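Chemist: Sharing my_file-v7.cif below, mmCIF, C-alpha atoms:
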data_final
loop_
_atom_site.label_atom_id
_atom_site.label_comp_id
_atom_site.auth_asym_id
_atom_site.auth_seq_id
_atom_site.Cartn_x
_atom_site.Cartn_y
_atom_site.Cartn_z
CA MET A 1 77.67 -132.49 -41.90
CA ILE A 2 74.84 -130.81 -43.75
CA THR A 3 71.69 -130.31 -41.76
CA ASN A 4 68.32 -129.29 -43.03
CA GLN A 5 68.30 -125.93 -41.32
CA LYS A 6 66.52 -122.84 -42.42
CA ILE A 7 69.00 -120.04 -42.89
CA ASN A 8 66.44 -117.37 -43.64
CA ASN A 9 66.49 -115.65 -40.27
CA SER A 10 64.26 -112.72 -39.40
CA ASP A 11 65.56 -109.71 -41.23
CA ASP A 12 65.17 -106.09 -40.17
CA LEU A 13 64.38 -104.75 -43.61
CA ASP A 14 62.33 -106.39 -46.33
CA GLY A 15 64.60 -108.01 -48.94
CA LEU A 16 62.73 -106.63 -51.96
CA ILE A 17 62.50 -103.07 -50.61
CA LYS A 18 66.19 -103.20 -49.77
CA PHE A 19 66.97 -104.56 -53.25
CA ILE A 20 65.03 -101.73 -54.97
CA LEU A 21 66.68 -99.09 -52.76
CA THR A 22 70.12 -100.61 -53.46
CA ALA A 23 69.49 -100.49 -57.22
CA ALA A 24 68.23 -96.90 -56.97
CA LEU A 25 71.24 -95.82 -54.88
CA ALA A 26 73.60 -97.50 -57.35
CA CYS A 27 71.98 -95.52 -60.21
CA LEU A 28 71.81 -92.20 -58.36
CA PRO A 29 75.47 -91.11 -58.85
CA PHE A 30 75.02 -91.53 -62.62
CA LEU A 31 72.15 -89.03 -62.60
CA ILE A 32 73.71 -86.21 -60.59
CA VAL A 33 76.28 -83.61 -61.60
CA GLU A 34 76.38 -81.15 -58.68
CA GLN A 35 79.41 -81.69 -56.41
CA MET A 36 77.31 -80.93 -53.30
CA ASN A 37 75.13 -83.94 -54.16
CA TYR A 38 78.13 -86.25 -54.17
CA VAL A 39 78.91 -85.13 -50.64
CA ILE A 40 75.27 -85.63 -49.55
CA LEU A 41 75.16 -89.08 -51.17
CA SER A 42 78.43 -90.08 -49.49
CA VAL A 43 77.13 -88.98 -46.07
CA TYR A 44 73.86 -90.86 -46.66
CA LEU A 45 75.72 -94.05 -47.62
CA LEU A 46 78.02 -93.85 -44.61
CA GLY A 47 74.95 -93.29 -42.43
CA ALA A 48 73.32 -96.35 -44.02
CA ALA A 49 76.33 -98.47 -43.03
CA PHE A 50 76.01 -97.17 -39.46
CA VAL A 51 72.23 -97.83 -39.29
CA LEU A 52 72.67 -101.31 -40.78
CA ARG A 53 75.39 -101.97 -38.17
CA VAL A 54 78.08 -102.87 -40.69
CA ARG A 55 81.41 -103.39 -38.95
CA LEU A 56 84.20 -100.93 -39.66
CA ARG A 57 86.49 -103.85 -40.49
CA THR A 58 84.12 -104.97 -43.26
CA LEU A 59 84.12 -101.48 -44.74
CA MET A 60 87.91 -101.31 -44.58
CA VAL A 61 88.29 -104.73 -46.23
CA SER A 62 85.89 -103.69 -48.98
CA ALA A 63 87.76 -100.40 -49.50
CA ALA A 64 91.06 -102.29 -49.67
CA SER A 65 89.60 -104.72 -52.25
CA TYR A 66 88.35 -101.80 -54.35
CA SER A 67 91.76 -100.12 -54.17
CA ILE A 68 93.64 -103.25 -55.21
CA ILE A 69 91.23 -104.43 -57.91
CA VAL A 70 90.19 -101.11 -59.46
CA LEU A 71 92.38 -98.20 -58.36
CA LEU A 72 95.79 -99.85 -58.48
CA PRO A 73 95.64 -101.08 -62.12
CA TYR A 74 94.09 -97.76 -63.11
CA PHE A 75 96.73 -95.54 -61.50
CA PHE A 76 99.50 -97.86 -62.65
CA GLY A 77 98.23 -97.50 -66.23
CA LEU A 78 97.80 -93.76 -65.86
CA LEU A 79 101.35 -93.36 -64.53
CA LEU A 80 102.87 -95.52 -67.25
CA SER A 81 100.88 -93.74 -69.94
CA SER A 82 101.98 -90.31 -68.67
CA ILE A 83 105.63 -91.38 -68.51
CA LEU A 84 105.49 -92.79 -72.04
CA TYR A 85 103.81 -89.62 -73.30
CA LEU A 86 106.45 -87.40 -71.65
CA MET A 87 109.26 -89.51 -73.05
CA THR A 88 108.01 -90.01 -76.59
CA ASP A 89 105.56 -87.13 -77.07
CA ASN A 90 103.44 -89.63 -78.99
CA ALA A 91 99.71 -88.80 -79.00
CA LEU A 92 99.00 -92.54 -78.71
CA PHE A 93 99.98 -92.44 -75.03
CA ARG A 94 97.99 -89.31 -74.18
CA VAL A 95 95.12 -89.73 -71.75
CA TYR A 96 92.27 -87.68 -73.15
CA GLN A 97 89.91 -87.91 -70.20
CA GLY A 98 90.14 -85.07 -67.66
CA TYR A 99 90.94 -85.76 -64.01
CA TYR A 100 87.45 -84.60 -62.91
CA GLU A 101 85.77 -87.05 -65.30
CA VAL A 102 88.04 -89.85 -64.13
CA SER A 103 87.40 -89.11 -60.45
CA LEU A 104 83.68 -89.02 -61.16
CA ARG A 105 83.77 -92.41 -62.85
CA LEU A 106 85.79 -93.91 -60.00
CA PHE A 107 83.37 -92.43 -57.46
CA ARG A 108 80.35 -93.83 -59.32
CA LEU A 109 81.94 -97.25 -59.52
CA SER A 110 82.83 -97.12 -55.82
CA VAL A 111 79.17 -96.36 -54.99
CA VAL A 112 78.01 -99.42 -56.99
CA TRP A 113 80.68 -101.50 -55.23
CA TYR A 114 79.72 -100.13 -51.80
CA VAL A 115 75.93 -100.45 -52.00
CA SER A 116 76.09 -103.98 -53.40
CA MET A 117 78.47 -104.90 -50.57
CA LEU A 118 76.01 -103.39 -48.05
CA TYR A 119 73.12 -105.35 -49.58
CA PHE A 120 74.85 -108.72 -49.56
CA TYR A 121 76.35 -108.11 -46.12
CA THR A 122 73.05 -107.23 -44.45
CA THR A 123 70.62 -109.57 -46.25
CA PRO A 124 70.35 -113.23 -45.22
CA ILE A 125 71.35 -115.50 -48.07
CA GLY A 126 68.04 -117.40 -47.78
CA THR A 127 66.17 -114.18 -48.51
CA VAL A 128 68.40 -113.35 -51.53
CA ILE A 129 67.88 -116.85 -52.97
CA GLY A 130 64.15 -116.71 -52.23
CA LEU A 131 63.96 -113.39 -54.04
CA LEU A 132 65.89 -114.78 -57.03
CA ASP A 133 63.51 -117.74 -57.11
CA LYS A 134 60.62 -115.31 -57.56
CA LEU A 135 62.48 -113.01 -59.99
CA PHE A 136 63.46 -115.93 -62.23
CA PHE A 137 59.84 -117.12 -62.47
CA PRO A 138 59.69 -116.51 -66.28
CA LEU A 139 62.67 -118.87 -66.75
CA LYS A 140 60.77 -121.60 -64.90
CA LEU A 141 57.94 -121.26 -67.42
CA ILE A 142 60.30 -122.11 -70.29
CA GLY A 143 61.58 -125.17 -68.45
CA VAL A 144 64.83 -123.95 -66.85
CA PRO A 145 65.26 -125.88 -63.55
CA VAL A 146 65.81 -122.66 -61.57
CA THR A 147 64.61 -124.20 -58.30
CA ASN A 148 67.12 -127.07 -58.59
CA TYR A 149 69.97 -124.65 -59.30
CA LEU A 150 69.05 -122.40 -56.39
CA LYS A 151 68.74 -125.48 -54.16
CA VAL A 152 72.31 -126.41 -55.12
CA VAL A 153 73.51 -122.86 -54.29
CA MET A 154 71.76 -123.01 -50.92
CA CYS A 155 73.23 -126.46 -50.18
CA ILE A 156 76.72 -125.04 -50.87
CA VAL A 157 76.10 -122.14 -48.50
CA ILE A 158 74.81 -124.51 -45.79
CA GLU A 159 77.75 -126.85 -46.29
CA LEU A 160 80.17 -123.92 -46.04
CA LYS A 161 78.49 -122.60 -42.91
CA GLU A 162 78.33 -126.03 -41.29
CA THR A 163 81.76 -127.39 -42.06
CA GLY A 164 83.69 -124.69 -43.91
CA THR A 165 85.01 -122.84 -40.86
CA ASP A 166 86.28 -126.02 -39.16
CA VAL A 167 87.81 -127.37 -42.37
CA VAL A 168 89.59 -124.06 -43.09
CA LYS A 169 90.81 -123.92 -39.47
CA ASN A 170 92.20 -127.47 -39.62
CA LEU A 171 93.79 -126.88 -43.00
CA ARG A 172 95.39 -123.66 -41.80
CA GLU A 173 96.90 -125.57 -38.87
CA SER A 174 98.23 -128.20 -41.27
CA MET A 175 99.63 -125.48 -43.51
CA ARG A 176 101.25 -123.65 -40.59
CA SER A 177 103.02 -126.79 -39.49
CA ASN A 178 103.89 -127.56 -43.09
CA ILE A 179 105.14 -124.12 -44.04
CA GLY A 180 106.56 -123.61 -40.54
CA SER A 181 110.10 -122.40 -40.83
CA GLU A 182 110.93 -119.74 -43.34
CA LYS A 183 114.12 -121.58 -44.15
CA LYS A 184 112.15 -124.15 -46.11
CA LYS A 185 112.34 -123.68 -49.80
CA PHE A 186 109.32 -122.48 -51.78
CA GLN A 187 109.34 -125.70 -53.80
CA ARG A 188 109.17 -127.80 -50.63
CA ASN A 189 106.35 -125.69 -49.24
CA ILE A 190 104.36 -126.06 -52.41
CA THR A 191 104.80 -129.85 -52.40
CA GLY A 192 103.48 -129.98 -48.84
CA ILE A 193 100.58 -127.66 -49.60
CA SER A 194 99.63 -129.61 -52.72
CA GLN A 195 99.46 -132.79 -50.62
CA ILE A 196 97.10 -131.06 -48.17
CA ILE A 197 94.87 -129.73 -50.97
CA VAL A 198 94.78 -133.05 -52.84
CA ALA A 199 93.89 -134.87 -49.61
CA LEU A 200 91.08 -132.36 -48.97
CA ILE A 201 89.62 -132.85 -52.46
CA VAL A 202 89.87 -136.63 -52.43
CA ASN A 203 88.59 -137.04 -48.85
CA SER A 204 85.66 -134.68 -49.43
CA PHE A 205 84.13 -137.25 -51.78
CA GLU A 206 83.75 -139.61 -48.80
CA LYS A 207 80.57 -137.73 -47.92
CA LEU A 208 79.15 -137.92 -51.46
CA ASP A 209 76.27 -140.22 -50.41
CA LYS A 210 75.38 -138.00 -47.48
CA VAL A 211 75.25 -134.89 -49.67
CA GLN A 212 73.31 -136.74 -52.38
CA SER A 213 70.73 -137.94 -49.87
CA PHE A 214 70.38 -134.38 -48.55
CA VAL A 215 69.88 -132.99 -52.06
CA GLU A 216 67.22 -135.64 -52.74
CA ASN A 217 65.30 -135.01 -49.54
CA ALA A 218 65.67 -131.25 -49.06
CA LYS A 219 62.65 -129.21 -50.05
CA PRO A 220 63.33 -125.72 -51.46
CA GLU A 221 60.86 -124.14 -48.99
CA ASP A 222 62.92 -125.54 -46.09
CA LEU A 223 66.13 -124.08 -47.49
CA TYR A 224 65.13 -120.62 -48.61
CA GLY A 225 62.14 -118.39 -49.01
CA TYR A 226 60.95 -114.86 -49.34
CA SER A 227 57.65 -113.26 -48.47
CA PHE A 228 56.95 -109.56 -48.67
CA LYS A 229 56.55 -107.81 -45.32
CA ILE A 230 56.63 -104.14 -44.53
CA THR A 231 57.56 -102.83 -41.10
CA LYS A 232 57.95 -99.39 -39.51
CA ARG A 233 61.67 -99.64 -40.21
CA ASP A 234 61.01 -100.18 -43.92
CA ILE A 235 58.78 -97.11 -43.98
CA ALA A 236 61.45 -95.06 -42.20
CA VAL A 237 64.10 -96.19 -44.71
CA ILE A 238 61.84 -95.42 -47.68
CA PHE A 239 61.11 -91.99 -46.17
CA SER A 240 64.85 -91.29 -45.75
CA PHE A 241 65.44 -92.28 -49.39
CA VAL A 242 62.60 -90.03 -50.63
CA LEU A 243 64.07 -87.21 -48.54
CA LEU A 244 67.51 -87.83 -50.06
CA THR A 245 66.20 -87.82 -53.64
CA THR A 246 64.15 -84.67 -52.94
CA VAL A 247 67.20 -82.81 -51.57
CA VAL A 248 69.35 -84.08 -54.45
CA SER A 249 66.71 -83.02 -56.97
CA ILE A 250 66.40 -79.53 -55.43
CA ILE A 251 70.17 -79.02 -55.59
CA GLU A 252 70.37 -80.41 -59.14
CA ASN A 253 67.71 -77.98 -60.32
CA GLY A 254 69.30 -75.07 -58.48
CA TYR A 255 66.17 -74.20 -56.43
CA TRP A 256 68.25 -73.78 -53.28
CA LEU A 257 70.22 -70.85 -54.68
CA MET B 1 75.37 -139.93 -63.83
CA ASP B 2 72.16 -139.59 -61.79
CA LYS B 3 70.90 -135.98 -61.55
CA ASN B 4 71.08 -135.82 -57.75
CA LYS B 5 74.52 -137.43 -57.69
CA LYS B 6 75.69 -134.83 -60.19
CA TYR B 7 74.32 -132.06 -57.99
CA ALA B 8 76.06 -133.61 -54.97
CA VAL B 9 79.37 -133.73 -56.89
CA ILE B 10 78.89 -130.08 -57.91
CA ILE B 11 78.16 -129.07 -54.28
CA ILE B 12 81.32 -130.82 -53.08
CA LEU B 13 83.47 -129.31 -55.84
CA VAL B 14 82.21 -125.75 -55.36
CA THR B 15 82.57 -126.01 -51.57
CA ASN B 16 86.13 -127.25 -52.03
CA ALA B 17 86.91 -124.45 -54.48
CA ILE B 18 85.78 -121.81 -51.97
CA ILE B 19 87.58 -123.46 -49.04
CA ILE B 20 90.80 -123.76 -51.05
CA SER B 21 90.53 -120.11 -52.09
CA CYS B 22 90.36 -119.16 -48.39
CA LEU B 23 93.75 -120.80 -47.88
CA GLU B 24 95.56 -118.68 -50.45
CA SER B 25 96.64 -116.07 -47.94
CA PHE B 26 98.62 -118.77 -46.12
CA ILE B 27 100.75 -119.63 -49.11
CA PRO B 28 103.81 -117.44 -49.45
CA ILE B 29 104.32 -116.04 -52.96
CA PRO B 30 108.03 -115.32 -53.71
CA ILE B 31 107.29 -111.93 -55.33
CA PRO B 32 103.87 -110.65 -54.23
CA VAL B 33 102.09 -108.48 -56.81
CA PRO B 34 99.04 -106.43 -55.72
CA GLY B 35 95.84 -107.77 -57.27
CA VAL B 36 97.41 -111.11 -58.08
CA LYS B 37 96.00 -114.24 -56.47
CA LEU B 38 97.19 -117.80 -56.82
CA GLY B 39 93.75 -118.84 -58.06
CA LEU B 40 93.77 -122.20 -56.30
CA GLY B 41 90.05 -122.51 -57.02
CA ASN B 42 91.14 -123.19 -60.59
CA ILE B 43 92.30 -126.65 -59.46
CA ILE B 44 88.64 -127.58 -59.02
CA THR B 45 87.77 -126.18 -62.46
CA MET B 46 90.53 -128.34 -63.98
CA ILE B 47 89.21 -131.45 -62.21
CA ALA B 48 85.69 -130.65 -63.45
CA ILE B 49 86.95 -130.14 -67.02
CA VAL B 50 88.60 -133.57 -67.01
CA PHE B 51 85.66 -135.48 -65.53
CA LEU B 52 82.49 -133.52 -66.38
CA GLY B 53 80.85 -131.94 -69.43
CA LEU B 54 81.20 -128.26 -70.39
CA LYS B 55 77.68 -127.41 -69.16
CA ASP B 56 78.43 -128.78 -65.68
CA VAL B 57 81.84 -127.09 -65.53
CA LEU B 58 80.30 -123.73 -66.46
CA PHE B 59 77.59 -124.32 -63.85
CA ILE B 60 80.29 -124.95 -61.22
CA VAL B 61 82.17 -121.77 -62.18
CA ILE B 62 79.02 -119.60 -62.26
CA VAL B 63 77.70 -120.96 -58.96
CA ARG B 64 81.12 -120.42 -57.35
CA CYS B 65 81.20 -116.79 -58.52
CA PHE B 66 77.67 -116.19 -57.20
CA VAL B 67 78.25 -117.83 -53.82
CA VAL B 68 81.49 -115.89 -53.28
CA ALA B 69 79.72 -112.65 -54.31
CA PHE B 70 76.84 -113.42 -51.91
CA LEU B 71 79.20 -114.15 -49.07
CA THR B 72 81.82 -111.47 -49.51
CA ARG B 73 82.27 -109.16 -52.41
CA GLY B 74 79.33 -107.69 -54.26
CA VAL B 75 78.22 -106.94 -57.75
CA VAL B 76 81.32 -105.38 -59.39
CA MET B 77 83.51 -108.28 -58.32
CA LEU B 78 80.82 -110.71 -59.49
CA VAL B 79 80.94 -109.20 -63.00
CA LEU B 80 84.76 -109.43 -63.10
CA SER B 81 84.78 -113.00 -61.70
CA LEU B 82 82.10 -114.18 -64.12
CA ALA B 83 83.88 -112.71 -67.15
CA GLY B 84 87.23 -114.22 -66.18
CA GLY B 85 85.77 -117.52 -64.97
CA ILE B 86 83.51 -118.25 -67.95
CA LEU B 87 86.03 -117.28 -70.64
CA SER B 88 88.94 -119.13 -69.05
CA THR B 89 86.78 -122.23 -68.54
CA ILE B 90 85.73 -122.28 -72.21
CA VAL B 91 89.37 -121.87 -73.35
CA MET B 92 90.64 -124.56 -70.95
CA TRP B 93 87.84 -126.94 -71.97
CA LEU B 94 88.62 -126.43 -75.68
CA LEU B 95 92.35 -126.96 -75.10
CA PHE B 96 91.71 -130.12 -73.07
CA LYS B 97 89.14 -131.63 -75.44
CA LYS B 98 90.65 -130.62 -78.77
CA LEU B 99 94.36 -130.02 -78.21
CA SER B 100 95.25 -132.24 -75.25
CA ARG B 101 98.07 -133.79 -77.33
CA LEU B 102 99.76 -130.41 -77.42
CA PHE B 103 98.88 -129.11 -73.96
CA SER B 104 99.51 -130.76 -70.60
CA VAL B 105 97.34 -129.99 -67.56
CA LYS B 106 99.97 -127.41 -66.52
CA GLY B 107 99.87 -125.79 -69.96
CA ILE B 108 96.08 -125.65 -69.93
CA SER B 109 96.14 -124.15 -66.46
CA ILE B 110 98.61 -121.44 -67.58
CA ALA B 111 96.43 -120.64 -70.60
CA GLY B 112 93.37 -120.47 -68.34
CA ALA B 113 95.12 -118.12 -65.91
CA ILE B 114 96.21 -115.80 -68.76
CA VAL B 115 92.70 -115.72 -70.26
CA HIS B 116 91.21 -115.11 -66.80
CA SER B 117 93.45 -112.08 -66.15
CA THR B 118 92.99 -110.72 -69.67
CA ALA B 119 89.20 -110.99 -69.51
CA GLN B 120 89.09 -109.32 -66.10
CA ILE B 121 91.30 -106.42 -67.14
CA MET B 122 89.26 -105.93 -70.34
CA VAL B 123 86.03 -105.80 -68.37
CA ALA B 124 87.67 -103.38 -65.90
CA ALA B 125 88.74 -101.19 -68.86
CA PHE B 126 85.18 -101.29 -70.19
CA ILE B 127 83.64 -100.41 -66.81
CA LEU B 128 86.12 -97.58 -66.23
CA GLY B 129 85.89 -96.41 -69.83
CA GLN B 130 89.67 -96.16 -69.81
CA ALA B 131 92.12 -98.27 -71.80
CA VAL B 132 95.01 -97.25 -69.52
CA VAL B 133 94.26 -100.19 -67.18
CA MET B 134 95.50 -102.42 -70.01
CA TYR B 135 99.04 -101.35 -69.09
CA TYR B 136 98.66 -103.59 -66.05
CA LEU B 137 98.05 -106.59 -68.31
CA PRO B 138 101.73 -107.54 -68.86
CA VAL B 139 102.21 -107.62 -65.07
CA LEU B 140 99.17 -109.85 -64.73
CA ILE B 141 100.21 -112.12 -67.63
CA VAL B 142 103.65 -112.76 -66.13
CA SER B 143 102.01 -113.49 -62.76
CA SER B 144 99.43 -115.72 -64.47
CA ILE B 145 102.16 -117.87 -66.00
CA ILE B 146 103.64 -118.48 -62.55
CA THR B 147 100.34 -119.00 -60.72
CA GLY B 148 98.94 -121.09 -63.60
CA LEU B 149 101.98 -123.37 -63.46
CA LEU B 150 101.58 -123.73 -59.72
CA THR B 151 97.86 -124.51 -59.75
CA GLY B 152 98.35 -126.74 -62.80
CA SER B 153 100.97 -128.78 -60.94
CA ILE B 154 98.63 -129.32 -57.99
CA ALA B 155 95.68 -129.99 -60.34
CA GLU B 156 97.70 -132.67 -62.15
CA ILE B 157 98.28 -134.58 -58.89
CA ALA B 158 94.66 -134.09 -57.80
CA ILE B 159 93.29 -135.34 -61.15
CA LYS B 160 95.40 -138.53 -60.89
CA GLU B 161 94.21 -139.16 -57.31
CA VAL B 162 90.56 -138.50 -58.16
CA ALA B 163 90.80 -140.79 -61.22
CA LEU B 164 92.33 -143.54 -59.05
CA LYS B 165 89.44 -143.26 -56.62
CA GLY B 166 86.92 -143.45 -59.46
CA VAL B 167 84.83 -140.73 -57.82
CA PHE B 168 83.08 -139.79 -61.04
CA SER B 169 82.17 -143.33 -62.09
CA ASP B 170 78.57 -144.42 -61.55
CA ASP B 171 79.53 -147.35 -59.28
CA TYR B 172 81.67 -145.22 -56.93
CA LYS B 173 81.20 -146.01 -53.24
CA PRO B 174 82.78 -143.98 -50.45
CA LYS B 175 85.53 -145.77 -48.49
CA ASP B 176 83.32 -146.52 -45.47
CA GLN B 177 80.83 -148.36 -47.67
CA GLN B 178 83.24 -150.30 -49.87
CA PHE B 179 83.38 -153.42 -47.68
CA ARG B 180 79.73 -153.62 -46.70
#
Could you render the structure as structure tokens?
Modeler:
Amino acid sequence: MITNQKINNSDDLDGLIKFILTAALACLPFLIVEQMNYVILSVYLLGAAFVLRVRLRTLMVSAASYSIIVLLPYFFGLLLSSILYLMTDNALFRVYQGYYEVSLRLFRLSVVWYVSMLYFYTTPIGTVIGLLDKLFFPLKLIGVPVTNYLKVVMCIVIELKETGTDVVKNLRESMRSNIGSEKKKFQRNITGISQIIVALIVNSFEKLDKVQSFVENAKPEDLYGYSFKITKRDIAVIFSFVLLTTVVSIIENGYWL
Amino acid sequence: MDKNKKYAVIIILVTNAIIISCLESFIPIPIPVPGVKLGLGNIITMIAIVFLGLKDVLFIVIVRCFVVAFLTRGVVMLVLSLAGGILSTIVMWLLFKKLSRLFSVKGISIAGAIVHSTAQIMVAAFILGQAVVMYYLPVLIVSSIITGLLTGSIAEIAIKEVALKGVFSDDYKPKDQQFR
């Protein structure tokens, strides 16, 4: 059941400062060319994950997702293209980009992937939505119901947090008993699974009135919110970022030689 | 439909889409292909296409992409999901509204799955600045036909059940209130 609970817990770092630093870190690999700086940036980002207490499992899952979604199709294409080029000697199949350029692009993309994952993982959703509410202020002026939309997003998150885990757990149990033996045919499994999914969809509308009443009564300020606050930790993080950019800039300009 | 009721329907549909997506790992795929998902969340998009307007369906798809990005993935995946989700929704909506005599729910679902994969791989090619990723497209298209057929079959049953319940009609009352 949905409850009117405030999800915006106390956060270690200010959401806006963290957002600006995330954006700056995502842009940084596009501005540097020295290989030493890539190493420094990588060490800094790994250190950030450690300081923000991101679990190793989360990092591994994210790395696996990146490999499957980005690297696998890319290397598959590269392999196929090389084979076709070797077999046909047709310039159409030749990959013109050098391996260094390709590695650089993949590294840059992985940094964007990584820092955005760190941001979303370590920032309470209430803070992110509260920040979006403030950032989309110009849209409100032209009549876009931003607050209503963000309220809907927050209600979904609350609903998922309140009931999602239990529902998934129950459904997994149903699926286990349904899929059960491996001897069952795929077709039979699918029929069973479709029954479970259809029942979930149809039964979920039983709570339509409850959800509607919550949407009517919930005030945005009770669901999400953001207010700027700066702590010693924020200052330390900003200082570390300034230090990083200074070192990177020195190496880029060759002053250290 | 009343604005708040519509929002409540959207909340329920998006929540269901995310919950159903979580169950995908429990469904055995005969020939697993890396990077290929069943896309069970598409069942919810199909239901929305049948019962709601394009604006609401797009809102459901966009909100789903954002919530999943907030909860798990991050910005790059959000861009890929949005591209695939929005384009496939528009294509499925057009097929359902304009060519439903030619396309069944299964056919529309297959078309949606193909468009989804194609859009995602094109965005990936653009981000990487490399067309070589397009070589993976035939693999994804073949997988999309299978997964689209599967999700379309489930969506077809779900749409019939939801229509029978009259969930999207203005006078719908949940079961526990029907006899009061």
Chemist: Could you pull out every residue with an atom within 9 Å of (79.9, -110.6, -50.3), file coordinates, counting all atoms listed in the file, and send them as a list in words?
Modeler: Ser116, Met117, Leu118, Tyr119, Phe120 and Tyr121 of chain A; Val67, Val68, Ala69, Phe70, Leu71, Thr72, Arg73, Gly74 and Val75 of chain B
Chemist: Please dump the current selection as a compact mmCIF listing (two decimals), keeping the file's coordinate frame; keep C-alpha atoms.
Modeler:
# COMPACT_ATOMS: atom_id res chain seq x y z
CA SER A 116 76.09 -103.98 -53.40
CA MET A 117 78.47 -104.90 -50.57
CA LEU A 118 76.01 -103.39 -48.05
CA TYR A 119 73.12 -105.35 -49.58
CA PHE A 120 74.85 -108.72 -49.56
CA TYR A 121 76.35 -108.11 -46.12
CA VAL B 67 78.25 -117.83 -53.82
CA VAL B 68 81.49 -115.89 -53.28
CA ALA B 69 79.72 -112.65 -54.31
CA PHE B 70 76.84 -113.42 -51.91
CA LEU B 71 79.20 -114.15 -49.07
CA THR B 72 81.82 -111.47 -49.51
CA ARG B 73 82.27 -109.16 -52.41
CA GLY B 74 79.33 -107.69 -54.26
CA VAL B 75 78.22 -106.94 -57.75
Chemist: Looking at all atoms listed in the file, which of A:Tyr224, A:Tyr74, A:Phe239, A:Phe107 is the one that sits closest to chain B?
Modeler: A:Tyr74
Chemist: Identify the residues around (86.9, -122.3, -56.9) within a radius of 12 Å, measuring from only C-alpha atoms in the coordinates stated by the file, and give them as a ChimeraX atom specification.
Modeler: /A:201 /B:10-24,38-48,57-68,81-82,85,89,151
Chemist: Decode the PyMOL selection byres ((chain A and resi 13) around 8) for the given file into explicit residues and return them as a list in words.
Modeler: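 With the PyMOL selection byres ((chain A and resi 13) around 8) on this model, the match is Asp11, Asp12, Asp14, Gly15, Ile17, Lys18, Ile230, Thr231, Arg233 and Asp234 of chain A.
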Chemist: Set out as a Markdown table a contact list for chain A and chain B with a cut-off of 8 Å, giving each residue of chain A that qualifies its closest atom pair and distance in Å to one decimal, counting all atoms listed in the file, ordered by chain and rising residue number.
Modeler:
| residue | atom | partner | partner_atom | distance |
| --- | --- | --- | --- | --- |
| A:Ser62 | CA | B:Arg73 | CA | 7.4 |
| A:Ile68 | CA | B:Gly35 | CA | 5.4 |
| A:Ile69 | CA | B:Gly35 | CA | 5.7 |
| A:Val70 | CA | B:Ala124 | CA | 7.3 |
| A:Leu72 | CA | B:Pro34 | CA | 7.8 |
| A:Pro73 | CA | B:Val133 | CA | 5.3 |
| A:Tyr74 | CA | B:Val133 | CA | 4.7 |
| A:Phe75 | CA | B:Val133 | CA | 7.7 |
| A:Phe76 | CA | B:Tyr136 | CA | 6.7 |
| A:Gly77 | CA | B:Val132 | CA | 4.6 |
| A:Leu78 | CA | B:Val132 | CA | 5.8 |
| A:Leu80 | CA | B:Tyr135 | CA | 7.2 |
| A:Ser81 | CA | B:Val132 | CA | 6.9 |
| A:Val95 | CA | B:Val132 | CA | 7.8 |
| A:Arg105 | CA | B:Leu128 | CA | 6.6 |
| A:Leu106 | CA | B:Leu128 | CA | 7.2 |
| A:Leu109 | CA | B:Leu128 | CA | 7.9 |
| A:Val112 | CA | B:Val76 | CA | 7.2 |
| A:Trp113 | CA | B:Val76 | CA | 5.7 |
| A:Tyr114 | CA | B:Gly74 | CA | 8.0 |
| A:Ser116 | CA | B:Gly74 | CA | 5.0 |
| A:Met117 | CA | B:Gly74 | CA | 4.7 |
| A:Phe120 | CA | B:Phe70 | CA | 5.6 |
| A:Tyr121 | CA | B:Thr72 | CA | 7.3 |
| A:Ile125 | CA | B:Phe70 | CA | 7.0 |
| A:Val152 | CA | B:Ile11 | CA | 6.5 |
| A:Val153 | CA | B:Val63 | CA | 6.6 |
| A:Cys155 | CA | B:Ile11 | CA | 6.9 |
| A:Ile156 | CA | B:Ile11 | CA | 5.5 |
| A:Val157 | CA | B:Val67 | CA | 7.2 |
| A:Glu159 | CA | B:Thr15 | CA | 7.2 |
| A:Leu160 | CA | B:Thr15 | CA | 6.4 |
| A:Gly164 | CA | B:Ile19 | CA | 6.6 |
| A:Val167 | CA | B:Ile19 | CA | 7.7 |
| A:Val168 | CA | B:Ile19 | CA | 6.3 |
| A:Leu171 | CA | B:Leu23 | CA | 7.8 |
| A:Arg172 | CA | B:Leu23 | CA | 6.9 |
| A:Met175 | CA | B:Phe26 | CA | 7.3 |
| A:Arg176 | CA | B:Phe26 | CA | 7.8 |
| A:Phe186 | CA | B:Pro30 | CA | 7.5 |
| A:Ser194 | CA | B:Ile154 | CA | 5.4 |
| A:Ile197 | CA | B:Ile20 | CA | 7.2 |
| A:Val198 | CA | B:Ala158 | CA | 5.1 |
| A:Leu200 | CA | B:Asn16 | CA | 7.7 |
| A:Ile201 | CA | B:Asn16 | CA | 6.6 |
| A:Val202 | CA | B:Val162 | CA | 6.1 |
| A:Ser204 | CA | B:Ile12 | CA | 6.9 |
| A:Phe205 | CA | B:Pro174 | CA | 7.0 |
| A:Glu206 | CA | B:Pro174 | CA | 4.8 |
| A:Lys207 | CA | B:Pro174 | CA | 7.1 |
| A:Leu208 | CA | B:Ala8 | CA | 6.4 |
| A:Asp209 | CA | B:Pro174 | CA | 7.5 |
| A:Val211 | CA | B:Ala8 | CA | 5.5 |
| A:Gln212 | CA | B:Ala8 | CA | 4.9 |
| A:Val215 | CA | B:Asn4 | CA | 6.5 |
| A:Glu216 | CA | B:Asn4 | CA | 6.3 |
Chemist: How many Å lie between atom CA of Ser65 of chain A and atom CA of Ser103 of chain A, rounded to one decimal?
Modeler: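 Result for atom CA of Ser65 of chain A versus atom CA of Ser103 of chain A: 17.8 Å, one decimal.
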